[in-house]
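Enquirer: What follows is data-v6.txt, made up of compact mmCIF, N, CA and C atoms and all ligand atoms:
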# COMPACT_ATOMS: atom_id res chain seq x y z
N MET A 93 18.79 25.04 5.96
CA MET A 93 18.24 23.68 5.88
C MET A 93 19.33 22.71 5.40
N ASP A 94 19.44 21.57 6.06
CA ASP A 94 20.43 20.57 5.64
C ASP A 94 20.02 19.98 4.29
N ALA A 95 21.03 19.69 3.47
CA ALA A 95 20.76 19.02 2.20
C ALA A 95 20.49 17.54 2.48
N ARG A 96 19.40 17.05 1.93
CA ARG A 96 19.04 15.66 2.22
C ARG A 96 18.20 15.08 1.08
N VAL A 97 18.47 13.83 0.75
CA VAL A 97 17.67 13.12 -0.25
C VAL A 97 17.20 11.81 0.38
N THR A 98 15.91 11.57 0.32
CA THR A 98 15.35 10.38 0.96
C THR A 98 14.49 9.63 -0.04
N GLU A 99 14.77 8.34 -0.19
CA GLU A 99 13.90 7.51 -1.04
C GLU A 99 12.65 7.15 -0.25
N ILE A 100 11.51 7.24 -0.92
CA ILE A 100 10.25 6.95 -0.24
C ILE A 100 9.53 5.82 -0.97
N GLN A 101 8.98 4.94 -0.19
CA GLN A 101 8.18 3.85 -0.74
C GLN A 101 6.74 4.11 -0.32
N PHE A 102 5.86 4.30 -1.27
CA PHE A 102 4.45 4.50 -0.93
C PHE A 102 3.75 3.15 -0.88
N VAL A 103 2.80 3.03 0.02
CA VAL A 103 2.07 1.76 0.14
C VAL A 103 0.75 1.89 -0.63
N PRO A 104 0.62 1.14 -1.74
CA PRO A 104 -0.61 1.24 -2.51
C PRO A 104 -1.79 0.60 -1.78
N LYS A 105 -2.95 1.21 -1.98
CA LYS A 105 -4.19 0.63 -1.46
C LYS A 105 -4.77 -0.20 -2.60
N GLY A 106 -4.23 -1.38 -2.78
CA GLY A 106 -4.62 -2.19 -3.94
C GLY A 106 -5.76 -3.13 -3.63
N ASP A 107 -6.56 -3.38 -4.63
CA ASP A 107 -7.54 -4.47 -4.56
C ASP A 107 -7.73 -5.00 -5.96
N GLU A 108 -8.73 -5.83 -6.16
CA GLU A 108 -8.89 -6.50 -7.46
C GLU A 108 -9.14 -5.51 -8.61
N ARG A 109 -9.47 -4.25 -8.27
CA ARG A 109 -9.73 -3.25 -9.31
C ARG A 109 -8.48 -2.54 -9.77
N GLY A 110 -7.39 -2.66 -8.99
CA GLY A 110 -6.16 -1.97 -9.34
C GLY A 110 -5.55 -1.29 -8.14
N GLN A 111 -4.68 -0.32 -8.39
CA GLN A 111 -3.89 0.30 -7.31
C GLN A 111 -4.29 1.77 -7.12
N LEU A 112 -4.13 2.23 -5.90
CA LEU A 112 -4.38 3.64 -5.58
C LEU A 112 -3.34 4.05 -4.54
N ILE A 113 -2.71 5.17 -4.79
CA ILE A 113 -1.78 5.71 -3.79
C ILE A 113 -2.28 7.10 -3.41
N ALA A 114 -2.43 7.32 -2.11
CA ALA A 114 -2.87 8.63 -1.61
C ALA A 114 -1.73 9.28 -0.86
N LEU A 115 -1.46 10.54 -1.18
CA LEU A 115 -0.40 11.28 -0.49
C LEU A 115 -1.05 12.43 0.27
N GLU A 116 -0.63 12.61 1.50
CA GLU A 116 -1.17 13.70 2.30
C GLU A 116 -0.06 14.63 2.74
N ALA A 117 -0.36 15.92 2.70
CA ALA A 117 0.60 16.92 3.17
C ALA A 117 0.83 16.73 4.66
N LEU A 118 2.03 17.10 5.10
CA LEU A 118 2.41 17.01 6.51
C LEU A 118 2.34 15.57 7.03
N SER A 119 2.66 14.64 6.14
CA SER A 119 2.72 13.23 6.53
C SER A 119 4.20 12.82 6.54
N GLU A 120 4.45 11.56 6.87
CA GLU A 120 5.85 11.09 6.87
C GLU A 120 6.45 11.17 5.47
N GLN A 121 5.61 10.82 4.46
CA GLN A 121 6.11 10.81 3.06
C GLN A 121 6.22 12.21 2.47
N VAL A 122 5.32 13.09 2.87
CA VAL A 122 5.31 14.46 2.33
C VAL A 122 5.34 15.42 3.53
N PRO A 123 6.54 15.67 4.09
CA PRO A 123 6.61 16.39 5.37
C PRO A 123 6.59 17.91 5.21
N PHE A 124 5.66 18.41 4.40
CA PHE A 124 5.51 19.85 4.23
C PHE A 124 4.12 20.12 3.66
N GLU A 125 3.70 21.37 3.75
CA GLU A 125 2.45 21.78 3.11
C GLU A 125 2.71 21.83 1.61
N VAL A 126 1.88 21.21 0.83
CA VAL A 126 2.07 21.23 -0.62
C VAL A 126 1.47 22.53 -1.16
N THR A 127 2.35 23.39 -1.67
CA THR A 127 1.92 24.71 -2.15
C THR A 127 1.79 24.73 -3.68
N ARG A 128 2.48 23.78 -4.31
CA ARG A 128 2.54 23.81 -5.79
C ARG A 128 2.72 22.38 -6.28
N VAL A 129 2.10 22.10 -7.42
CA VAL A 129 2.30 20.81 -8.08
C VAL A 129 2.62 21.11 -9.54
N TYR A 130 3.64 20.45 -10.07
CA TYR A 130 3.90 20.58 -11.50
C TYR A 130 4.33 19.21 -12.04
N TYR A 131 4.24 19.05 -13.35
CA TYR A 131 4.66 17.78 -13.91
C TYR A 131 5.36 17.98 -15.24
N ILE A 132 6.25 17.06 -15.50
CA ILE A 132 7.11 17.10 -16.68
C ILE A 132 6.75 15.89 -17.53
N PHE A 133 6.47 16.11 -18.80
CA PHE A 133 6.06 15.01 -19.68
C PHE A 133 6.44 15.38 -21.11
N ASP A 134 6.30 14.41 -22.01
CA ASP A 134 6.60 14.65 -23.42
C ASP A 134 8.02 15.19 -23.58
N THR A 135 8.94 14.61 -22.87
CA THR A 135 10.33 15.10 -22.91
C THR A 135 11.00 14.70 -24.23
N THR A 136 11.90 15.54 -24.66
CA THR A 136 12.67 15.27 -25.87
C THR A 136 13.66 14.14 -25.59
N PRO A 137 13.74 13.13 -26.49
CA PRO A 137 14.66 12.02 -26.24
C PRO A 137 16.08 12.53 -25.96
N GLY A 138 16.70 11.96 -24.94
CA GLY A 138 18.09 12.30 -24.61
C GLY A 138 18.25 13.58 -23.80
N THR A 139 17.14 14.24 -23.51
CA THR A 139 17.26 15.53 -22.81
C THR A 139 17.71 15.36 -21.36
N VAL A 140 18.43 16.35 -20.87
CA VAL A 140 18.79 16.41 -19.45
C VAL A 140 18.22 17.71 -18.90
N ARG A 141 17.40 17.60 -17.87
CA ARG A 141 16.77 18.78 -17.28
C ARG A 141 17.40 19.04 -15.91
N GLY A 142 16.96 20.12 -15.29
CA GLY A 142 17.48 20.45 -13.96
C GLY A 142 18.76 21.26 -14.06
N ASN A 143 19.85 20.69 -13.52
CA ASN A 143 21.13 21.41 -13.46
C ASN A 143 20.99 22.67 -12.62
N HIS A 144 20.46 22.49 -11.45
CA HIS A 144 20.36 23.58 -10.50
C HIS A 144 20.12 22.99 -9.11
N ALA A 145 20.24 23.85 -8.11
CA ALA A 145 19.88 23.48 -6.73
C ALA A 145 18.87 24.51 -6.24
N HIS A 146 18.28 24.21 -5.10
CA HIS A 146 17.37 25.16 -4.46
C HIS A 146 17.89 25.52 -3.08
N LYS A 147 17.62 26.74 -2.69
CA LYS A 147 18.09 27.18 -1.37
C LYS A 147 17.21 26.61 -0.26
N ASN A 148 15.90 26.68 -0.44
CA ASN A 148 14.98 26.34 0.65
C ASN A 148 13.87 25.37 0.30
N LEU A 149 13.76 25.06 -0.96
CA LEU A 149 12.61 24.27 -1.40
C LEU A 149 12.67 22.82 -0.93
N LYS A 150 11.51 22.27 -0.60
CA LYS A 150 11.38 20.83 -0.36
C LYS A 150 10.47 20.29 -1.45
N GLN A 151 10.84 19.14 -2.00
CA GLN A 151 10.04 18.58 -3.08
C GLN A 151 9.97 17.06 -2.96
N VAL A 152 8.85 16.51 -3.40
CA VAL A 152 8.73 15.06 -3.58
C VAL A 152 8.52 14.80 -5.06
N LEU A 153 9.37 13.96 -5.65
CA LEU A 153 9.30 13.64 -7.07
C LEU A 153 8.78 12.21 -7.23
N ILE A 154 7.83 12.05 -8.13
CA ILE A 154 7.26 10.72 -8.39
C ILE A 154 7.09 10.57 -9.89
N CYS A 155 7.60 9.48 -10.45
CA CYS A 155 7.37 9.24 -11.87
C CYS A 155 6.11 8.36 -11.95
N VAL A 156 4.98 9.00 -12.19
CA VAL A 156 3.71 8.27 -12.13
C VAL A 156 3.45 7.44 -13.38
N SER A 157 4.21 7.70 -14.44
CA SER A 157 4.15 6.87 -15.64
C SER A 157 5.56 6.78 -16.21
N GLY A 158 5.93 5.63 -16.75
CA GLY A 158 7.26 5.49 -17.35
C GLY A 158 8.36 5.57 -16.31
N ALA A 159 9.50 6.09 -16.73
CA ALA A 159 10.67 6.09 -15.85
C ALA A 159 11.59 7.25 -16.18
N CYS A 160 12.35 7.67 -15.19
CA CYS A 160 13.43 8.62 -15.42
C CYS A 160 14.44 8.47 -14.28
N THR A 161 15.60 9.05 -14.50
CA THR A 161 16.68 8.97 -13.51
C THR A 161 16.92 10.35 -12.92
N ILE A 162 17.03 10.40 -11.59
CA ILE A 162 17.34 11.65 -10.91
C ILE A 162 18.76 11.53 -10.34
N VAL A 163 19.62 12.44 -10.73
CA VAL A 163 20.98 12.46 -10.20
C VAL A 163 21.05 13.59 -9.18
N CYS A 164 21.44 13.24 -7.96
CA CYS A 164 21.49 14.23 -6.87
C CYS A 164 22.93 14.36 -6.40
N GLU A 165 23.39 15.58 -6.32
CA GLU A 165 24.75 15.84 -5.82
C GLU A 165 24.67 16.74 -4.60
N MET A 166 25.38 16.34 -3.56
CA MET A 166 25.40 17.13 -2.33
C MET A 166 26.52 18.18 -2.42
N PRO A 167 26.49 19.21 -1.58
CA PRO A 167 27.52 20.26 -1.66
C PRO A 167 28.95 19.73 -1.48
N ASP A 168 29.12 18.55 -0.84
CA ASP A 168 30.47 17.98 -0.69
C ASP A 168 30.90 17.16 -1.91
N GLY A 169 30.05 17.09 -2.93
CA GLY A 169 30.41 16.40 -4.16
C GLY A 169 29.88 14.96 -4.23
N THR A 170 29.32 14.45 -3.14
CA THR A 170 28.74 13.10 -3.15
C THR A 170 27.57 13.05 -4.12
N LYS A 171 27.60 12.03 -5.00
CA LYS A 171 26.54 11.92 -6.02
C LYS A 171 25.79 10.61 -5.87
N MET A 172 24.48 10.66 -6.06
CA MET A 172 23.66 9.44 -6.05
C MET A 172 22.70 9.50 -7.23
N GLU A 173 22.43 8.33 -7.80
CA GLU A 173 21.45 8.25 -8.88
C GLU A 173 20.25 7.43 -8.43
N TYR A 174 19.07 7.89 -8.78
CA TYR A 174 17.85 7.18 -8.39
C TYR A 174 17.02 6.96 -9.64
N ARG A 175 16.65 5.73 -9.88
CA ARG A 175 15.78 5.43 -11.00
C ARG A 175 14.34 5.37 -10.49
N LEU A 176 13.54 6.30 -10.93
CA LEU A 176 12.12 6.30 -10.55
C LEU A 176 11.37 5.61 -11.69
N ASP A 177 10.88 4.41 -11.43
CA ASP A 177 10.30 3.62 -12.52
C ASP A 177 8.98 2.96 -12.14
N TRP A 178 8.41 3.43 -11.03
CA TRP A 178 7.12 2.84 -10.63
C TRP A 178 6.42 3.88 -9.76
N PRO A 179 5.09 3.98 -9.85
CA PRO A 179 4.40 5.06 -9.11
C PRO A 179 4.47 4.93 -7.60
N ASN A 180 4.95 3.79 -7.08
CA ASN A 180 5.04 3.69 -5.62
C ASN A 180 6.41 4.12 -5.09
N ARG A 181 7.25 4.65 -5.99
CA ARG A 181 8.57 5.13 -5.55
C ARG A 181 8.62 6.65 -5.61
N GLY A 182 9.15 7.27 -4.58
CA GLY A 182 9.27 8.73 -4.59
C GLY A 182 10.63 9.14 -4.06
N LEU A 183 10.96 10.38 -4.32
CA LEU A 183 12.23 10.93 -3.84
C LEU A 183 11.94 12.27 -3.18
N LEU A 184 12.31 12.36 -1.91
CA LEU A 184 12.16 13.63 -1.17
C LEU A 184 13.51 14.35 -1.22
N ILE A 185 13.50 15.56 -1.78
CA ILE A 185 14.73 16.35 -1.88
C ILE A 185 14.55 17.62 -1.07
N GLU A 186 15.47 17.81 -0.13
CA GLU A 186 15.38 18.99 0.76
C GLU A 186 16.72 19.72 0.76
N GLY A 187 16.64 21.02 0.70
CA GLY A 187 17.83 21.83 0.84
C GLY A 187 18.71 21.83 -0.40
N LEU A 188 19.96 22.15 -0.18
CA LEU A 188 20.91 22.44 -1.26
C LEU A 188 21.42 21.18 -1.95
N VAL A 189 20.63 20.68 -2.89
CA VAL A 189 20.99 19.47 -3.63
C VAL A 189 20.98 19.81 -5.12
N TRP A 190 22.10 19.60 -5.77
CA TRP A 190 22.17 19.83 -7.22
C TRP A 190 21.48 18.65 -7.89
N ARG A 191 20.50 18.91 -8.76
CA ARG A 191 19.76 17.81 -9.36
C ARG A 191 19.75 17.89 -10.87
N GLN A 192 19.77 16.68 -11.45
CA GLN A 192 19.59 16.52 -12.89
C GLN A 192 18.53 15.45 -13.09
N MET A 193 17.70 15.62 -14.10
CA MET A 193 16.75 14.58 -14.47
C MET A 193 17.10 14.15 -15.89
N LYS A 194 17.23 12.85 -16.08
CA LYS A 194 17.67 12.36 -17.39
C LYS A 194 17.09 10.98 -17.68
N ASP A 195 17.43 10.44 -18.84
CA ASP A 195 16.99 9.09 -19.25
C ASP A 195 15.48 8.89 -19.07
N PHE A 196 14.74 9.88 -19.55
CA PHE A 196 13.28 9.78 -19.52
C PHE A 196 12.82 8.75 -20.55
N SER A 197 11.92 7.87 -20.15
CA SER A 197 11.28 7.01 -21.14
C SER A 197 10.25 7.87 -21.89
N LYS A 198 9.83 7.36 -23.05
CA LYS A 198 8.93 8.15 -23.90
C LYS A 198 7.62 8.50 -23.18
N ASP A 199 7.17 7.57 -22.31
CA ASP A 199 5.89 7.76 -21.63
C ASP A 199 6.04 8.37 -20.23
N ALA A 200 7.23 8.91 -19.93
CA ALA A 200 7.48 9.37 -18.55
C ALA A 200 6.64 10.60 -18.20
N VAL A 201 6.03 10.54 -17.03
CA VAL A 201 5.36 11.71 -16.45
C VAL A 201 5.92 11.85 -15.04
N LEU A 202 6.72 12.89 -14.85
CA LEU A 202 7.34 13.13 -13.54
C LEU A 202 6.55 14.22 -12.83
N ILE A 203 5.89 13.84 -11.74
CA ILE A 203 5.09 14.81 -11.00
C ILE A 203 5.88 15.24 -9.76
N VAL A 204 5.77 16.53 -9.45
CA VAL A 204 6.54 17.08 -8.34
C VAL A 204 5.62 17.85 -7.40
N LEU A 205 5.67 17.49 -6.12
CA LEU A 205 4.96 18.23 -5.07
C LEU A 205 5.99 19.16 -4.43
N ALA A 206 5.66 20.45 -4.35
CA ALA A 206 6.65 21.42 -3.86
C ALA A 206 6.11 22.19 -2.67
N SER A 207 7.03 22.57 -1.80
CA SER A 207 6.63 23.24 -0.55
C SER A 207 6.37 24.73 -0.72
N GLU A 208 6.86 25.30 -1.83
CA GLU A 208 6.76 26.77 -2.00
C GLU A 208 6.25 27.09 -3.39
N HIS A 209 5.77 28.31 -3.53
CA HIS A 209 5.43 28.81 -4.86
C HIS A 209 6.70 28.93 -5.71
N TYR A 210 6.51 28.99 -7.02
CA TYR A 210 7.65 29.16 -7.92
C TYR A 210 8.35 30.48 -7.64
N ASP A 211 9.66 30.42 -7.46
CA ASP A 211 10.43 31.63 -7.15
C ASP A 211 11.84 31.47 -7.73
N GLU A 212 12.10 32.19 -8.79
CA GLU A 212 13.40 32.07 -9.45
C GLU A 212 14.56 32.41 -8.49
N ALA A 213 14.28 33.27 -7.50
CA ALA A 213 15.33 33.66 -6.55
C ALA A 213 15.76 32.50 -5.65
N ASP A 214 14.98 31.43 -5.62
CA ASP A 214 15.34 30.27 -4.80
C ASP A 214 16.29 29.32 -5.54
N TYR A 215 16.50 29.56 -6.84
CA TYR A 215 17.34 28.66 -7.64
C TYR A 215 18.81 29.05 -7.53
N ILE A 216 19.67 28.06 -7.47
CA ILE A 216 21.11 28.29 -7.67
C ILE A 216 21.46 27.58 -8.98
N ARG A 217 21.80 28.34 -9.98
CA ARG A 217 22.08 27.77 -11.30
C ARG A 217 23.56 27.75 -11.61
N ASP A 218 24.37 28.35 -10.71
CA ASP A 218 25.82 28.40 -10.90
C ASP A 218 26.43 27.25 -10.09
N TYR A 219 27.00 26.27 -10.82
CA TYR A 219 27.51 25.07 -10.15
C TYR A 219 28.61 25.39 -9.15
N ASN A 220 29.48 26.34 -9.48
CA ASN A 220 30.58 26.68 -8.55
C ASN A 220 30.04 27.30 -7.27
N GLN A 221 29.01 28.12 -7.41
CA GLN A 221 28.38 28.70 -6.22
C GLN A 221 27.78 27.60 -5.36
N PHE A 222 27.16 26.63 -6.02
CA PHE A 222 26.58 25.49 -5.29
C PHE A 222 27.66 24.74 -4.52
N ARG A 223 28.79 24.45 -5.18
CA ARG A 223 29.84 23.66 -4.52
C ARG A 223 30.46 24.40 -3.34
N LYS A 224 30.35 25.72 -3.37
CA LYS A 224 30.85 26.49 -2.21
C LYS A 224 29.85 26.41 -1.06
N GLY A 225 28.67 25.78 -1.32
CA GLY A 225 27.64 25.67 -0.29
C GLY A 225 27.01 27.00 0.03
N CYS A 226 27.10 27.91 -0.96
CA CYS A 226 26.63 29.28 -0.74
C CYS A 226 25.15 29.38 -1.09
N ALA A 227 24.32 29.65 -0.10
CA ALA A 227 22.87 29.74 -0.36
C ALA A 227 22.45 31.18 -0.56
N LYS A 228 23.38 32.08 -0.90
CA LYS A 228 23.00 33.49 -1.11
C LYS A 228 22.70 33.73 -2.58
C1 LIG A 301 13.20 21.09 -10.03
C2 LIG A 301 13.09 20.05 -11.09
C3 LIG A 301 12.82 18.67 -10.54
C4 LIG A 301 7.17 27.86 -13.87
O1 LIG A 301 6.68 28.86 -14.42
N1 LIG A 301 6.62 27.42 -12.71
C5 LIG A 301 7.10 26.31 -12.08
O2 LIG A 301 6.56 25.95 -11.01
C6 LIG A 301 8.23 25.62 -12.63
C7 LIG A 301 8.79 24.41 -11.93
C8 LIG A 301 8.75 26.08 -13.79
N2 LIG A 301 8.24 27.18 -14.41
C9 LIG A 301 8.81 27.65 -15.68
C10 LIG A 301 10.24 28.16 -15.59
C11 LIG A 301 10.80 27.81 -16.95
O3 LIG A 301 10.48 28.85 -17.86
O4 LIG A 301 8.87 26.52 -16.56
C12 LIG A 301 10.03 26.55 -17.35
C13 LIG A 301 10.86 25.28 -17.21
O5 LIG A 301 11.39 25.21 -15.85
P1 LIG A 301 12.81 24.60 -15.53
O6 LIG A 301 13.73 24.86 -16.66
O7 LIG A 301 13.23 25.13 -14.17
O8 LIG A 301 12.46 23.06 -15.43
P2 LIG A 301 13.41 21.85 -14.95
O9 LIG A 301 12.74 20.62 -15.42
O10 LIG A 301 14.83 22.06 -15.34
O11 LIG A 301 13.36 21.90 -13.32
C14 LIG A 301 12.15 21.67 -12.65
C15 LIG A 301 11.98 22.68 -11.52
O12 LIG A 301 12.14 24.01 -12.03
C16 LIG A 301 12.95 22.51 -10.39
O13 LIG A 301 12.51 23.23 -9.27
O14 LIG A 301 13.64 20.79 -8.93
O15 LIG A 301 12.11 20.36 -12.09
Output the file's structure in the form of structure tokens.

Expert:
Amino acid sequence: MDARVTEIQFVPKGDERGQLIALEALSEQVPFEVTRVYYIFDTTPGTVRGNHAHKNLKQVLICVSGACTIVCEMPDGTKMEYRLDWPNRGLLIEGLVWRQMKDFSKDAVLIVLASEHYDEADYIRDYNQFRKGCAK
């Protein structure tokens, strides 16, 4: 799978009562079957999470409360930072992308929709192995 990071803008179904965002599997925004959902909250101030890549996983990250920064590095060393600070912003991460999550606000809740069940064998935690583009 090619490494790819795509910023997604969700269109809220807003009215005078407030906002609602609906996400559907196998849609343009979530182009996979959602097999797992997890969320990160109550983070320790200054913490940096992640520091790994995935071989095959596809994920959509949304900071539904507060804000955090996602740093994505491609196997060629290209780095991009994305500030997720509103529930209508998402990040689709596919393939071999080294990711870090940092600068969490106190109220940050980062929810992640994932294409596969949790599998430690899908993680690449060795940065040098990642830079070699080795998915073994
Ligand atoms: C990712 C970023 C954005 C589970 O038991 N099941 C799960 O589905 C997950 C995601 C984690 N865990 C366990 C494994 C560890 O004992 O929860 C603990 C913390 O996981 P980890 O250190 O991998 O968390 P992060 O925040 O560094 O990374 C997570 C995801 O693991 C990863 O896939 O892309 O969020």

Enquirer: I'd like the contact shell of Leu118 in chain A - 12 Å cut-off, only C-alpha atoms, skipping same-chain residues fewer than 4 positions apart - returned as a PyMOL selection string.

Expert: chain A and resi 122-127+150+205+207

Enquirer: Around ligand LIG 301 (chain A), which protein and nucleic acid residues have at least one atom no more than 7 Å from it, if we count all atoms listed in the file? List them as a ChimeraX atom specification.

Expert: /A:128-130,132,140-146,191,193,204,209-211

Enquirer: With a distance cut-off of 9 Å and only C-alpha atoms, select the neighbouring residues of range 220-225 of chain A, excluding the residue or stretch itself and same-chain residues fewer than 3 positions from it, and output the selection as a ChimeraX atom specification.

Expert: /A:144-145,166-169,188-190,216-217,228

Enquirer: To one decimal place in Å, what is the distance between atom C of Asp218 in chain A and atom C of Cys155 in chain A?

Expert: 27.8 Å

Enquirer: Taking all atoms listed in the file into account, which of A:Gly158, A:Glu208, A:Val163, A:Phe196 comes nearest Trp178 in chain A?

Expert: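 Looking only at the distances to Trp178 in chain A, the closest residue turns out to be A:Gly158.
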
Enquirer: Give the answer as one residue: which of A:Leu176, A:Ile113, A:Ser197, A:Ile185 has the shortest atom-to-atom distance to Ile162 in chain A, using only N, CA and C atoms?

Expert: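 Of A:Leu176, A:Ile113, A:Ser197, A:Ile185, the one nearest Ile162 in chain A is A:Leu176, counting only N, CA and C atoms.
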
Enquirer: Taking only N, CA and C atoms into account, which of A:Gln151, A:Thr136, A:Asn180, A:Lys171 comes nearest Phe102 in chain A?

Expert: A:Asn180

Enquirer: Tell me which of A:Ala117, A:Ala206, A:Leu183, A:Val201 sits closest to Thr98 in chain A, counting only N, CA and C atoms.

Expert: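 Closest candidate: A:Leu183.
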
Enquirer: A:Asp134, A:Asp177, A:Glu186, A:Glu165: which is nearest Val97 in chain A, counting only N, CA and C atoms?

Expert: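 Nearest to Val97 in chain A: A:Glu186.
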
Enquirer: Could you give me the residues within chain A that DSSP places in strand (DSSP E or B), as a ChimeraX atom specification?

Expert: /A:96-101,107,110,128-133,141-146,150-157,160-165,171-176,181-186,190-194,201-206,215-216

Enquirer: Could you pull out all residues of chain A with a DSSP call of alpha helix (DSSP H) and give them as number ranges by chain?

Expert: A: 219-223

Enquirer: Have a look at A:Tyr131, A:Thr170, A:Pro179, A:Ala159 and name the one nearest to Ile203 in chain A; count all atoms listed in the file.

Expert: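 Smallest distance to Ile203 in chain A is found for A:Tyr131.
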
Enquirer: Could the centre and edge lengths of an axis-aligned box, enclosing all atoms of range 100-109 of chain A in the file with 6 Å extra on each side, be given in Å to one decimal as JSON?

Expert:
{"center_x": 0.9, "center_y": 0.4, "center_z": -4.8, "size_x": 33.2, "size_y": 25.7, "size_z": 21.9}

Enquirer: Rounded to one decimal place, report the atom C of Glu99 in chain A-atom N of Arg181 in chain A distance in Å.

Expert: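 Atom-to-atom, atom C of Glu99 in chain A to atom N of Arg181 in chain A, that is 8.3 Å.
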
Enquirer: What does the structure give for the distance between atom C of Tyr219 in chain A and CA of Thr139 in chain A, in Å to one decimal?

Expert: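 Value for the atom C of Tyr219 in chain A-CA of Thr139 in chain A distance: 20.3 Å.
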
Enquirer: Can you give me N, CA, C and O atoms for range 153-167 of chain A, written as a CSV table (one decimal), keeping the file's coordinate frame?

Expert:
chain,number,residue,atom,x,y,z
A,153,LEU,N,9.4,14.0,-5.6
A,153,LEU,CA,9.3,13.6,-7.1
A,153,LEU,C,8.8,12.2,-7.2
A,153,LEU,O,9.3,11.3,-6.6
A,154,ILE,N,7.8,12.0,-8.1
A,154,ILE,CA,7.3,10.7,-8.4
A,154,ILE,C,7.1,10.6,-9.9
A,154,ILE,O,6.5,11.4,-10.5
A,155,CYS,N,7.6,9.5,-10.4
A,155,CYS,CA,7.4,9.2,-11.9
A,155,CYS,C,6.1,8.4,-12.0
A,155,CYS,O,6.2,7.2,-11.7
A,156,VAL,N,5.0,9.0,-12.2
A,156,VAL,CA,3.7,8.3,-12.1
A,156,VAL,C,3.4,7.4,-13.4
A,156,VAL,O,2.6,6.6,-13.4
A,157,SER,N,4.2,7.7,-14.4
A,157,SER,CA,4.2,6.9,-15.6
A,157,SER,C,5.6,6.8,-16.2
A,157,SER,O,6.3,7.8,-16.2
A,158,GLY,N,5.9,5.6,-16.8
A,158,GLY,CA,7.3,5.5,-17.4
A,158,GLY,C,8.4,5.6,-16.3
A,158,GLY,O,8.2,5.2,-15.1
A,159,ALA,N,9.5,6.1,-16.7
A,159,ALA,CA,10.7,6.1,-15.8
A,159,ALA,C,11.6,7.2,-16.2
A,159,ALA,O,11.6,7.8,-17.3
A,160,CYS,N,12.4,7.7,-15.2
A,160,CYS,CA,13.4,8.6,-15.4
A,160,CYS,C,14.4,8.5,-14.3
A,160,CYS,O,14.2,7.8,-13.3
A,161,THR,N,15.6,9.0,-14.5
A,161,THR,CA,16.7,9.0,-13.5
A,161,THR,C,16.9,10.4,-12.9
A,161,THR,O,17.0,11.3,-13.7
A,162,ILE,N,17.0,10.4,-11.6
A,162,ILE,CA,17.3,11.6,-10.9
A,162,ILE,C,18.8,11.5,-10.3
A,162,ILE,O,19.0,10.6,-9.6
A,163,VAL,N,19.6,12.4,-10.7
A,163,VAL,CA,21.0,12.5,-10.2
A,163,VAL,C,21.0,13.6,-9.2
A,163,VAL,O,20.7,14.7,-9.5
A,164,CYS,N,21.4,13.2,-8.0
A,164,CYS,CA,21.5,14.2,-6.9
A,164,CYS,C,22.9,14.4,-6.4
A,164,CYS,O,23.6,13.4,-6.1
A,165,GLU,N,23.4,15.6,-6.3
A,165,GLU,CA,24.8,15.8,-5.8
A,165,GLU,C,24.7,16.7,-4.6
A,165,GLU,O,24.0,17.8,-4.6
A,166,MET,N,25.4,16.3,-3.6
A,166,MET,CA,25.4,17.1,-2.3
A,166,MET,C,26.5,18.2,-2.4
A,166,MET,O,27.4,18.0,-3.2
A,167,PRO,N,26.5,19.2,-1.6
A,167,PRO,CA,27.5,20.3,-1.7
A,167,PRO,C,29.0,19.7,-1.5
A,167,PRO,O,29.9,20.3,-2.0
